[in-house]
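Below: work.csv (CSV, C-alpha atoms)
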```csv
chain,number,residue,atom,x,y,z
J,283,MET,CA,-38.1,5.5,198.1
J,284,LEU,CA,-37.1,6.7,194.6
J,285,LYS,CA,-40.0,9.0,194.5
J,286,GLN,CA,-39.0,10.5,197.9
J,287,LYS,CA,-35.4,11.1,196.5
J,288,ILE,CA,-36.7,12.8,193.4
J,289,VAL,CA,-38.9,15.1,195.5
J,290,SER,CA,-35.9,15.9,197.9
J,291,ILE,CA,-33.6,16.7,195.0
J,292,THR,CA,-36.2,18.9,193.3
J,293,THR,CA,-36.8,20.7,196.5
J,294,SER,CA,-33.1,21.3,197.0
J,295,LEU,CA,-32.7,22.7,193.4
J,296,VAL,CA,-35.6,25.0,193.9
J,297,MET,CA,-34.1,26.3,197.2
J,298,LEU,CA,-30.7,26.7,195.6
J,299,SER,CA,-32.1,28.7,192.7
J,300,GLY,CA,-34.1,30.8,195.1
J,301,LEU,CA,-30.8,31.6,197.0
J,302,ALA,CA,-29.1,32.4,193.8
J,303,LEU,CA,-31.8,34.8,192.8
J,304,SER,CA,-32.0,36.5,196.2
J,305,SER,CA,-28.2,37.0,196.3
J,306,GLN,CA,-28.5,39.2,193.3
J,307,SER,CA,-31.5,41.2,194.5
J,308,TYR,CA,-29.7,43.5,196.9
J,309,ALA,CA,-26.3,45.3,197.2
J,310,SER,CA,-23.7,42.8,198.3
J,311,PRO,CA,-19.9,42.6,198.8
J,312,PRO,CA,-17.3,43.1,197.5
J,313,TYR,CA,-17.3,46.8,198.3
J,314,SER,CA,-14.8,49.2,197.0
J,315,PRO,CA,-12.9,50.9,198.5
J,316,ASP,CA,-12.4,48.3,201.1
J,317,LEU,CA,-10.1,48.0,204.2
J,318,VAL,CA,-7.3,45.9,202.6
J,319,THR,CA,-6.8,47.3,199.1
J,320,PRO,CA,-4.3,48.7,198.2
J,321,SER,CA,-3.1,48.5,201.8
J,322,ASP,CA,-4.5,46.8,204.9
J,323,ARG,CA,-2.8,49.2,207.4
J,324,TRP,CA,-4.7,52.2,208.8
J,325,LYS,CA,-3.6,54.9,211.3
J,326,LEU,CA,-6.2,55.8,213.9
J,327,THR,CA,-6.2,59.4,215.3
J,328,LEU,CA,-8.4,60.4,218.2
J,329,TYR,CA,-10.0,63.8,219.0
J,330,TRP,CA,-11.9,64.9,222.1
J,331,ASP,CA,-15.4,65.5,220.8
J,332,ARG,CA,-16.4,67.3,224.0
J,333,SER,CA,-13.6,69.8,223.6
J,334,ALA,CA,-14.5,73.2,222.0
J,335,THR,CA,-11.4,72.8,219.9
J,336,HIS,CA,-11.6,69.0,219.3
J,337,ASP,CA,-8.2,68.6,220.9
J,338,GLN,CA,-6.2,65.7,219.5
J,339,ILE,CA,-5.2,63.0,222.0
J,340,PRO,CA,-1.4,63.3,221.9
J,341,PHE,CA,1.0,60.3,221.4
J,342,VAL,CA,-1.9,57.9,220.6
J,343,GLN,CA,-1.9,57.0,216.9
J,344,PRO,CA,-2.0,53.2,216.7
J,345,TYR,CA,-2.1,51.3,213.4
J,346,LEU,CA,-4.8,48.8,212.8
J,347,CYS,CA,-4.0,45.8,210.5
J,348,PHE,CA,-7.1,44.4,208.8
J,349,LYS,CA,-7.6,40.9,207.4
J,350,ASP,CA,-10.5,40.2,205.1
J,351,LEU,CA,-12.7,37.3,206.2
J,352,GLY,CA,-15.0,37.4,203.3
J,353,ALA,CA,-18.7,38.2,202.7
J,354,ASP,CA,-21.3,37.7,205.4
J,355,ASP,CA,-24.6,38.3,203.6
J,356,GLU,CA,-24.7,42.0,202.8
J,357,GLN,CA,-21.5,42.8,204.9
J,358,GLU,CA,-17.8,42.2,204.4
J,359,ALA,CA,-16.3,40.8,207.6
J,360,TYR,CA,-12.8,41.6,208.8
J,361,LYS,CA,-10.6,41.0,211.9
J,362,TRP,CA,-7.9,43.4,212.9
J,363,GLU,CA,-4.9,43.5,215.2
J,364,ALA,CA,-3.2,46.7,216.4
J,365,LEU,CA,0.4,47.4,215.7
J,366,PRO,CA,2.2,46.5,217.9
J,367,ALA,CA,0.0,43.5,218.3
J,368,ASN,CA,-0.3,43.6,222.1
J,369,LEU,CA,-2.2,46.9,221.9
J,370,GLY,CA,-5.4,45.2,221.0
J,371,SER,CA,-7.5,43.4,218.5
J,372,GLY,CA,-11.1,43.0,217.3
J,373,THR,CA,-13.5,42.7,214.4
J,374,SER,CA,-15.0,45.0,211.7
J,375,THR,CA,-17.8,44.8,209.3
J,376,GLN,CA,-18.3,46.9,206.1
J,377,GLU,CA,-21.5,47.7,204.3
J,378,GLY,CA,-21.0,50.1,201.4
J,379,ASP,CA,-18.6,52.8,202.7
J,380,GLN,CA,-19.8,52.4,206.3
J,381,ILE,CA,-17.6,50.5,208.8
J,382,VAL,CA,-18.3,49.3,212.3
J,383,THR,CA,-15.1,48.4,214.2
J,384,ASN,CA,-15.0,47.1,217.7
J,385,GLY,CA,-12.7,45.3,220.1
J,386,LYS,CA,-10.2,46.2,222.7
J,387,LEU,CA,-7.4,48.8,222.5
J,388,PHE,CA,-5.1,50.0,225.2
J,389,GLY,CA,-7.2,48.0,227.7
J,390,PHE,CA,-10.4,49.8,226.8
J,391,ASN,CA,-13.4,48.2,225.1
J,392,PHE,CA,-14.7,50.2,222.2
J,393,ASP,CA,-17.2,50.5,219.4
J,394,MET,CA,-16.3,52.7,216.5
J,395,GLN,CA,-18.6,53.8,213.6
J,396,TRP,CA,-16.9,55.4,210.7
J,397,GLU,CA,-17.1,55.9,206.9
J,398,ILE,CA,-14.6,55.9,204.1
J,399,TYR,CA,-14.8,59.3,202.3
J,400,THR,CA,-11.8,59.3,200.0
J,401,ARG,CA,-10.1,56.1,198.9
J,402,ASP,CA,-7.7,56.3,201.8
J,403,GLU,CA,-9.4,58.4,204.5
J,404,GLY,CA,-12.3,57.9,206.8
J,405,ALA,CA,-13.9,59.6,209.8
J,406,GLY,CA,-16.4,58.9,212.5
J,407,HIS,CA,-16.9,58.4,216.2
J,408,ILE,CA,-15.7,56.0,218.8
J,409,ARG,CA,-17.2,55.1,222.2
J,410,ALA,CA,-14.7,53.6,224.6
J,411,TRP,CA,-15.1,52.4,228.2
J,412,HIS,CA,-13.0,50.5,230.7
J,413,PRO,CA,-14.2,47.0,231.4
J,414,ASN,CA,-14.1,47.6,235.1
J,415,ASN,CA,-16.2,50.8,234.8
J,416,PRO,CA,-18.5,50.5,231.8
J,417,SER,CA,-20.7,53.4,232.8
J,418,ASN,CA,-17.8,55.8,232.7
J,419,GLY,CA,-17.0,55.8,229.0
J,420,PHE,CA,-16.2,58.6,226.7
J,421,THR,CA,-16.9,59.6,223.1
J,422,LEU,CA,-14.2,60.8,220.6
J,423,ASN,CA,-14.1,61.8,217.0
J,424,ILE,CA,-11.7,59.7,214.9
J,425,THR,CA,-10.0,59.8,211.6
J,426,MET,CA,-8.6,56.8,209.8
J,427,LYS,CA,-5.8,57.1,207.2
J,428,ARG,CA,-4.7,54.3,205.1
J,429,ASP,CA,-0.9,53.8,205.3
J,430,ALA,CA,1.3,53.3,202.2
J,431,LYS,CA,2.9,50.4,204.0
J,432,LYS,CA,1.2,47.1,204.3
J,433,CYS,CA,1.0,45.0,207.4
J,434,LYS,CA,3.2,41.9,207.4
U,218,MET,CA,-37.5,74.6,228.6
U,219,SER,CA,-34.5,76.6,227.3
U,220,SER,CA,-32.1,74.0,228.6
U,221,ALA,CA,-34.0,71.1,227.0
U,222,TYR,CA,-32.1,71.3,223.7
U,223,ALA,CA,-28.6,72.0,222.6
U,224,LYS,CA,-28.3,75.7,221.8
U,225,PRO,CA,-25.6,78.0,220.4
U,226,PRO,CA,-22.8,78.8,220.7
U,227,HIS,CA,-21.6,75.6,219.0
U,228,LYS,CA,-17.8,75.1,218.9
U,229,PRO,CA,-15.8,74.6,216.8
U,230,ASN,CA,-17.6,76.9,214.4
U,231,LEU,CA,-17.1,78.0,210.8
U,232,VAL,CA,-15.5,81.4,211.4
U,233,ASP,CA,-13.3,81.4,214.5
U,234,ASN,CA,-9.7,80.5,213.5
U,235,GLY,CA,-10.5,81.6,209.9
U,236,ASN,CA,-13.6,81.8,207.8
U,237,ARG,CA,-12.1,80.3,204.6
U,238,TRP,CA,-12.4,76.6,203.9
U,239,THR,CA,-11.6,74.4,201.0
U,240,ILE,CA,-14.1,71.7,199.9
U,241,THR,CA,-12.9,68.7,197.8
U,242,ALA,CA,-15.3,66.3,196.1
U,243,TYR,CA,-14.7,62.5,195.8
U,244,ASN,CA,-17.1,60.7,193.4
U,245,ASP,CA,-19.0,58.4,195.7
U,246,ALA,CA,-20.0,56.2,192.8
U,247,SER,CA,-16.4,55.6,191.8
U,248,LEU,CA,-14.8,52.4,193.1
U,249,VAL,CA,-11.8,54.4,194.1
U,250,HIS,CA,-13.7,57.5,195.2
U,251,ARG,CA,-12.0,59.4,192.4
U,252,GLN,CA,-11.0,62.9,193.5
U,253,MET,CA,-12.7,65.8,191.7
U,254,ALA,CA,-12.5,69.6,192.1
U,255,THR,CA,-11.5,71.6,195.1
U,256,GLN,CA,-13.2,75.0,195.7
U,257,GLY,CA,-12.8,77.8,198.2
U,258,LEU,CA,-15.7,78.7,200.5
U,259,CYS,CA,-16.1,81.9,202.7
U,260,PHE,CA,-18.5,81.9,205.6
U,261,LYS,CA,-20.1,84.8,207.5
U,262,PHE,CA,-22.0,84.3,210.7
U,263,VAL,CA,-25.5,85.8,210.5
U,264,SER,CA,-27.5,84.8,213.6
U,265,ASN,CA,-28.7,82.1,215.9
U,266,VAL,CA,-32.0,80.4,214.9
U,267,GLY,CA,-33.3,78.2,217.7
U,268,SER,CA,-30.7,75.5,218.2
U,269,HIS,CA,-28.8,76.4,215.1
U,270,GLN,CA,-26.1,78.9,214.2
U,271,ARG,CA,-26.9,80.3,210.7
U,272,TYR,CA,-24.3,81.5,208.2
U,273,THR,CA,-24.2,82.8,204.6
U,274,TRP,CA,-21.4,81.5,202.4
U,275,TYR,CA,-20.0,82.2,198.9
U,276,SER,CA,-17.2,80.7,196.9
U,277,ASP,CA,-14.1,82.7,196.2
U,278,THR,CA,-13.0,80.3,193.4
U,279,PHE,CA,-16.2,79.6,191.5
U,280,PRO,CA,-18.4,82.5,190.2
U,281,ASP,CA,-21.8,83.3,191.6
U,282,TRP,CA,-21.9,80.2,193.8
U,283,ASN,CA,-23.4,81.0,197.3
U,284,GLY,CA,-26.0,80.0,199.8
U,285,TRP,CA,-26.8,79.3,203.5
U,286,ALA,CA,-25.2,77.1,206.1
U,287,SER,CA,-26.7,76.0,209.4
U,288,GLN,CA,-24.7,74.4,212.3
U,289,GLU,CA,-26.0,72.3,215.2
U,290,GLY,CA,-23.2,70.8,217.3
U,291,ASP,CA,-20.5,69.7,214.9
U,292,GLN,CA,-23.0,69.0,212.1
U,293,ILE,CA,-23.2,71.5,209.2
U,294,LYS,CA,-26.0,71.6,206.6
U,295,MET,CA,-25.5,73.7,203.5
U,296,TYR,CA,-27.3,74.6,200.3
U,297,GLY,CA,-26.4,76.9,197.5
U,298,ASP,CA,-27.0,77.9,193.9
U,299,TYR,CA,-24.8,78.7,190.8
U,300,ALA,CA,-25.3,79.3,187.1
U,301,LYS,CA,-27.9,81.9,187.7
U,302,ASP,CA,-29.6,79.7,190.2
U,303,VAL,CA,-30.1,76.8,187.7
U,304,GLY,CA,-27.4,74.7,189.4
U,305,HIS,CA,-27.8,73.6,193.0
U,306,ASP,CA,-25.8,72.0,195.8
U,307,GLY,CA,-26.6,70.3,199.1
U,308,ILE,CA,-23.8,69.5,201.5
U,309,ASN,CA,-24.0,67.7,204.9
U,310,TRP,CA,-20.8,67.4,206.8
U,311,GLU,CA,-19.3,67.3,210.3
U,312,ILE,CA,-16.3,69.0,211.9
U,313,VAL,CA,-14.1,66.2,213.0
U,314,THR,CA,-10.5,67.1,213.8
U,315,GLU,CA,-8.6,69.5,216.1
U,316,ASP,CA,-9.4,73.2,215.5
U,317,ARG,CA,-6.7,75.6,216.6
U,318,PRO,CA,-5.1,78.4,214.6
U,319,ASN,CA,-2.2,76.1,213.6
U,320,THR,CA,-4.1,72.8,213.0
U,321,LYS,CA,-6.3,73.4,210.0
U,322,ALA,CA,-9.5,71.7,211.1
U,323,MET,CA,-11.0,69.1,208.8
U,324,GLY,CA,-14.5,67.9,208.3
U,325,TYR,CA,-16.1,65.1,206.2
U,326,GLY,CA,-19.5,64.5,204.7
U,327,HIS,CA,-21.5,64.3,201.5
U,328,TRP,CA,-22.0,66.7,198.7
U,329,THR,CA,-24.7,66.5,196.0
U,330,GLU,CA,-24.8,68.7,192.9
U,331,TRP,CA,-27.5,68.9,190.3
U,332,ARG,CA,-29.1,71.2,187.7
U,333,GLU,CA,-32.7,71.9,186.9
U,334,ASN,CA,-34.1,70.7,183.6
U,335,GLY,CA,-37.8,71.2,184.2
U,336,LYS,CA,-38.2,67.5,185.0
U,337,PHE,CA,-36.3,65.3,187.4
U,338,GLY,CA,-33.2,67.4,187.2
U,339,VAL,CA,-29.7,66.6,185.9
U,340,THR,CA,-27.4,64.8,188.4
U,341,ILE,CA,-23.9,66.3,188.3
U,342,VAL,CA,-22.4,64.0,191.0
U,343,PHE,CA,-23.3,62.3,194.3
U,344,ALA,CA,-20.0,62.9,196.0
U,345,ASN,CA,-18.2,62.5,199.3
U,346,ALA,CA,-16.7,65.8,200.6
U,347,LYS,CA,-13.6,66.7,202.6
U,348,LEU,CA,-13.4,70.2,204.0
U,349,GLN,CA,-10.4,72.0,205.5
U,350,ARG,CA,-10.1,75.4,207.2
U,351,ILE,CA,-7.3,77.3,205.5
U,352,GLY,CA,-7.4,80.8,206.8
U,353,ASN,CA,-9.4,84.0,206.1
U,354,CYS,CA,-11.1,85.2,203.0
U,355,ASN,CA,-9.7,88.2,201.1
U,356,LYS,CA,-12.3,88.4,198.3
U,357,LYS,CA,-15.6,90.1,199.1
U,358,PHE,CA,-19.0,88.6,198.3
U,359,GLU,CA,-19.5,91.4,195.8
U,360,GLU,CA,-16.4,90.3,193.9
U,361,SER,CA,-17.3,86.7,193.7
U,362,SER,CA,-19.7,86.9,190.8
U,363,ALA,CA,-16.9,88.3,188.6
U,364,LEU,CA,-14.6,85.3,189.0
U,365,PRO,CA,-13.6,83.5,185.8
U,366,LEU,CA,-15.7,80.5,184.9
U,367,GLU,CA,-13.2,77.6,184.4
U,368,LYS,CA,-15.6,74.7,184.6
U,369,SER,CA,-19.3,74.5,184.1
U,370,ASP,CA,-20.0,73.2,187.6
U,371,PRO,CA,-18.4,73.6,191.0
U,372,MET,CA,-17.5,69.9,191.1
U,373,GLY,CA,-15.3,70.5,188.2
U,374,ILE,CA,-16.6,68.3,185.4
U,375,GLU,CA,-17.6,69.2,181.9
U,376,THR,CA,-20.7,68.0,180.2
U,377,SER,CA,-18.8,65.3,178.3
U,378,GLU,CA,-17.6,63.9,181.7
U,379,LYS,CA,-21.0,63.6,183.3
U,380,THR,CA,-22.2,60.3,184.6
U,381,PRO,CA,-24.4,58.1,182.4
U,382,GLU,CA,-27.2,58.9,184.9
U,383,ALA,CA,-26.7,62.6,184.3
U,384,LEU,CA,-26.7,62.2,180.5
U,385,THR,CA,-29.8,60.0,180.7
U,386,THR,CA,-31.8,62.3,182.9
U,387,SER,CA,-30.7,65.3,180.8
U,388,VAL,CA,-32.4,64.0,177.7
U,389,GLN,CA,-35.7,62.9,179.3
```

Is it possible to give me this structure as structure tokens?
Amino acid sequence: MLKQKIVSITTSLVMLSGLALSSQSYASPPYSPDLVTPSDRWKLTLYWDRSATHDQIPFVQPYLCFKDLGADDEQEAYKWEALPANLGSGTSTQEGDQIVTNGKLFGFNFDMQWEIYTRDEGAGHIRAWHPNNPSNGFTLNITMKRDAKKCK
Amino acid sequence: MSSAYAKPPHKPNLVDNGNRWTITAYNDASLVHRQMATQGLCFKFVSNVGSHQRYTWYSDTFPDWNGWASQEGDQIKMYGDYAKDVGHDGINWEIVTEDRPNTKAMGYGHWTEWRENGKFGVTIVFANAKLQRIGNCNKKFEESSALPLEKSDPMGIETSEKTPEALTTSVQ
């Protein structure tokens, strides 16, 4: 019995040391810049990618408020709520400067892939579709700009 | 077959609504993406090559800095040389925002700058880039080589400011 316990404890220690070593063997969070420092509030602006002039979609510039959920292996995990909150919500992951954001906004499901270029600006693409008609989606360019104000 | 791939004209392009853009570097290795130099770029359309629109470009703020650009869709790939072709730049970016005469279209991407040293090269900076259309160029290409040299490299850092990696590779 005692021998079994010693073997079990030794095995656990070996596994723990292996985990500790592997956690240092690749890039891992925290990443900087991130989505919450110095402010957690970002303004989303949308542009028709199919337009020859990339026309901006007027009157649609929601704020997204991010909350850091901590590291998940190589990624930093977040959840977000739109401002005002009833516009939508979802999740985000960050790996390096690359962000994947998805959820529901204005009644549309969406998947958004973007990158932080300056400390407070990012850009990328969004694919959005209505839940009742998923085959009839659309692709837009997007910019994200960190707001000086923080979310409450 | 001709309709099997995207082909020019690609819009927005680099010259309609103004052929002058600014490019600003942000050090990608910096934890705050520290802002670096801003330079002016002038584009001239040359021809279509297969699925690409091809341009030449030169800087109207940094002397003797020029090269080629190629556009496919919204994606732009650029290369160029400076310092008597010992210094080099590669820039990959994409036109993102609205592009009308009064909107100053913006694009984002990555900008790498290095110098030759006969070995691995000297890294100036691996940077992020933000580009913005700001009008039309007044300076001609022929005038660009006579611009004053204010910094040693277009990204705007002196030798003393170079990254440890740059200093390391420069002495190998």

Residue contacts of region 382-385 of chain J (7 Å, all atoms listed in the file) excluding same-chain residues fewer than 4 positions away, as a PDB file with C-alpha atoms, keeping the file's coordinate frame:
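The resulting result.pdb:
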```pdb
ATOM      1  CA  SER J 371      -7.500  43.400 218.500  1.00  0.00           C
ATOM      2  CA  GLY J 372     -11.100  43.000 217.300  1.00  0.00           C
ATOM      3  CA  THR J 373     -13.500  42.700 214.400  1.00  0.00           C
ATOM      4  CA  SER J 374     -15.000  45.000 211.700  1.00  0.00           C
ATOM      5  CA  THR J 375     -17.800  44.800 209.300  1.00  0.00           C
ATOM      6  CA  GLN J 376     -18.300  46.900 206.100  1.00  0.00           C
ATOM      7  CA  ASN J 391     -13.400  48.200 225.100  1.00  0.00           C
ATOM      8  CA  PHE J 392     -14.700  50.200 222.200  1.00  0.00           C
ATOM      9  CA  ASP J 393     -17.200  50.500 219.400  1.00  0.00           C
ATOM     10  CA  MET J 394     -16.300  52.700 216.500  1.00  0.00           C
ATOM     11  CA  GLN J 395     -18.600  53.800 213.600  1.00  0.00           C
ATOM     12  CA  TRP J 396     -16.900  55.400 210.700  1.00  0.00           C
TER      13      TRP J 396
END
```

What are the nearest atom pairs, with distances in Å to one decimal, for all residues of chain U that come at most 6 Å from chain J, using only C-alpha atoms, set out by chain and rising residue number as a tab-separated table?
```
residue	atom	partner	partner_atom	distance
U:Lys228	CA	J:Ala334	CA	4.9
U:Pro229	CA	J:Ala334	CA	5.5
U:Leu248	CA	J:Ser314	CA	5.0
U:Val249	CA	J:Arg401	CA	5.4
U:His250	CA	J:Arg401	CA	5.3
U:Val313	CA	J:Asn423	CA	5.9
U:Thr314	CA	J:His336	CA	5.9
U:Glu315	CA	J:His336	CA	4.4
U:Asp316	CA	J:Thr335	CA	4.8
U:Asn345	CA	J:Tyr399	CA	5.5
```

Store the residues of this selection in a file with C-alpha atoms, as a CSV table (one decimal), in the coordinates of the input.
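Ended up saving to result.csv:
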```
chain,number,residue,atom,x,y,z
U,228,LYS,CA,-17.8,75.1,218.9
U,229,PRO,CA,-15.8,74.6,216.8
U,248,LEU,CA,-14.8,52.4,193.1
U,249,VAL,CA,-11.8,54.4,194.1
U,250,HIS,CA,-13.7,57.5,195.2
U,313,VAL,CA,-14.1,66.2,213.0
U,314,THR,CA,-10.5,67.1,213.8
U,315,GLU,CA,-8.6,69.5,216.1
U,316,ASP,CA,-9.4,73.2,215.5
U,345,ASN,CA,-18.2,62.5,199.3
```

When you draw a straight line from CA of Gly352 (chain J) to CA of Lys427 (chain J), how long is it in Å? 22.1 Å

Using all atoms listed in the file, pick whichever of U:Gln349, U:Tyr325, U:Tyr272, U:His305 has the shortest atom-to-atom distance to Met426 (chain J). U:Tyr325

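When the distance limit is 7 Å and only C-alpha atoms are what count, the residues near Trp310 (chain U), minus those fewer than 3 positions from it on the same chain, are Gln292, Ile293, Lys294, Gly324, Tyr325, Gly326 and His327 of chain U.
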
Near Ala353 (chain J), within 10 Å and counting only C-alpha atoms, which residues show up once chain neighbours fewer than 3 positions away are dropped, as a list of chain:residue names?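 Once the nearby chain positions are removed, what remains is J:Ser310, J:Pro311, J:Pro312, J:Tyr313, J:Asp350, J:Glu356, J:Gln357, J:Glu358, J:Ala359, J:Tyr360, J:Thr375, J:Gln376.
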
CA of Asn353 (chain U) to CA of Asn309 (chain U), straight-line distance in Å: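 For CA of Asn309 (chain U) relative to CA of Asn353 (chain U), the distance reads 21.9 Å.
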
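From CA of Lys321 (chain U) back to CA of Glu367 (chain U), the distance works out to 26.8 Å.
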
Which neighbours of Ala344 (chain U) fall inside 6 Å, counting all atoms listed in the file, when residues of the same chain fewer than 6 positions from it are skipped, and could you give them as a list in words?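 Once the adjacent positions are removed, what remains is Ala242, Tyr243, Asn244, Asp245, His327, Trp328 and Thr329 of chain U.
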
Saved selection, atoms kept: C-alpha atoms, as a compact mmCIF listing (two decimals), in the coordinates of the input:
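Output file out13.txt follows:
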```txt
# COMPACT_ATOMS: atom_id res chain seq x y z
CA ALA U 242 -15.30 66.30 196.10
CA TYR U 243 -14.70 62.50 195.80
CA ASN U 244 -17.10 60.70 193.40
CA ASP U 245 -19.00 58.40 195.70
CA HIS U 327 -21.50 64.30 201.50
CA TRP U 328 -22.00 66.70 198.70
CA THR U 329 -24.70 66.50 196.00
```

Need to verify the contact set: Asp306 (chain U), 8 Å, only C-alpha atoms, exclusion of same-chain residues closer than 3 positions in sequence. Can you return it as an mmCIF file with C-alpha atoms, in the frame of the given file?
```cif
data_model
loop_
_atom_site.group_PDB
_atom_site.id
_atom_site.type_symbol
_atom_site.label_atom_id
_atom_site.label_comp_id
_atom_site.auth_asym_id
_atom_site.auth_seq_id
_atom_site.Cartn_x
_atom_site.Cartn_y
_atom_site.Cartn_z
ATOM 1 C CA MET U 295 -25.500 73.700 203.500
ATOM 2 C CA TYR U 296 -27.300 74.600 200.300
ATOM 3 C CA GLY U 297 -26.400 76.900 197.500
ATOM 4 C CA ASP U 298 -27.000 77.900 193.900
ATOM 5 C CA TRP U 328 -22.000 66.700 198.700
ATOM 6 C CA THR U 329 -24.700 66.500 196.000
ATOM 7 C CA GLU U 330 -24.800 68.700 192.900
ATOM 8 C CA TRP U 331 -27.500 68.900 190.300
#
```

Residues within 12 Å of (-8.2, 86.6, 197.8), file coordinates, counting all atoms listed in the file: what are they? Give the list as a short mmCIF file (atom, residue, chain, number, x, y, z; two decimals) with C-alpha atoms, in the coordinates of the input.
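Okay, out10.cif is ready:
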```cif
data_model
loop_
_atom_site.label_atom_id
_atom_site.label_comp_id
_atom_site.auth_asym_id
_atom_site.auth_seq_id
_atom_site.Cartn_x
_atom_site.Cartn_y
_atom_site.Cartn_z
CA ARG U 237 -12.10 80.30 204.60
CA GLY U 257 -12.80 77.80 198.20
CA LEU U 258 -15.70 78.70 200.50
CA CYS U 259 -16.10 81.90 202.70
CA SER U 276 -17.20 80.70 196.90
CA ASP U 277 -14.10 82.70 196.20
CA THR U 278 -13.00 80.30 193.40
CA GLY U 352 -7.40 80.80 206.80
CA ASN U 353 -9.40 84.00 206.10
CA CYS U 354 -11.10 85.20 203.00
CA ASN U 355 -9.70 88.20 201.10
CA LYS U 356 -12.30 88.40 198.30
CA LYS U 357 -15.60 90.10 199.10
CA PHE U 358 -19.00 88.60 198.30
CA GLU U 360 -16.40 90.30 193.90
CA SER U 361 -17.30 86.70 193.70
CA LEU U 364 -14.60 85.30 189.00
#
```

Can you sort out region 335-347 of chain U so it carries N, CA and C atoms, written as an mmCIF file, keeping the file's coordinate frame?
```
data_model
loop_
_atom_site.group_PDB
_atom_site.id
_atom_site.type_symbol
_atom_site.label_atom_id
_atom_site.label_comp_id
_atom_site.auth_asym_id
_atom_site.auth_seq_id
_atom_site.Cartn_x
_atom_site.Cartn_y
_atom_site.Cartn_z
ATOM 1 N N GLY U 335 -36.372 71.140 184.347
ATOM 2 C CA GLY U 335 -37.800 71.200 184.200
ATOM 3 C C GLY U 335 -38.480 69.828 184.471
ATOM 4 N N LYS U 336 -37.648 68.787 184.681
ATOM 5 C CA LYS U 336 -38.200 67.500 185.000
ATOM 6 C C LYS U 336 -37.565 66.946 186.280
ATOM 7 N N PHE U 337 -36.857 65.815 186.203
ATOM 8 C CA PHE U 337 -36.300 65.300 187.400
ATOM 9 C C PHE U 337 -34.977 65.973 187.820
ATOM 10 N N GLY U 338 -34.426 66.746 186.914
ATOM 11 C CA GLY U 338 -33.200 67.400 187.200
ATOM 12 C C GLY U 338 -32.018 66.604 186.549
ATOM 13 N N VAL U 339 -30.858 67.222 186.460
ATOM 14 C CA VAL U 339 -29.700 66.600 185.900
ATOM 15 C C VAL U 339 -28.671 66.376 187.042
ATOM 16 N N THR U 340 -28.353 65.128 187.345
ATOM 17 C CA THR U 340 -27.400 64.800 188.400
ATOM 18 C C THR U 340 -25.987 65.215 187.893
ATOM 19 N N ILE U 341 -25.312 66.071 188.636
ATOM 20 C CA ILE U 341 -23.900 66.300 188.300
ATOM 21 C C ILE U 341 -23.094 65.188 188.972
ATOM 22 N N VAL U 342 -23.083 65.138 190.310
ATOM 23 C CA VAL U 342 -22.400 64.000 191.000
ATOM 24 C C VAL U 342 -23.011 63.870 192.412
ATOM 25 N N PHE U 343 -23.139 62.646 192.859
ATOM 26 C CA PHE U 343 -23.300 62.300 194.300
ATOM 27 C C PHE U 343 -21.873 62.085 194.802
ATOM 28 N N ALA U 344 -21.396 62.944 195.660
ATOM 29 C CA ALA U 344 -20.000 62.900 196.000
ATOM 30 C C ALA U 344 -19.820 62.819 197.564
ATOM 31 N N ASN U 345 -18.653 62.320 197.981
ATOM 32 C CA ASN U 345 -18.200 62.500 199.300
ATOM 33 C C ASN U 345 -17.464 63.863 199.380
ATOM 34 N N ALA U 346 -17.358 64.451 200.550
ATOM 35 C CA ALA U 346 -16.700 65.800 200.600
ATOM 36 C C ALA U 346 -15.715 65.780 201.799
ATOM 37 N N LYS U 347 -14.609 66.465 201.558
ATOM 38 C CA LYS U 347 -13.600 66.700 202.600
ATOM 39 C C LYS U 347 -13.437 68.233 202.683
#
```
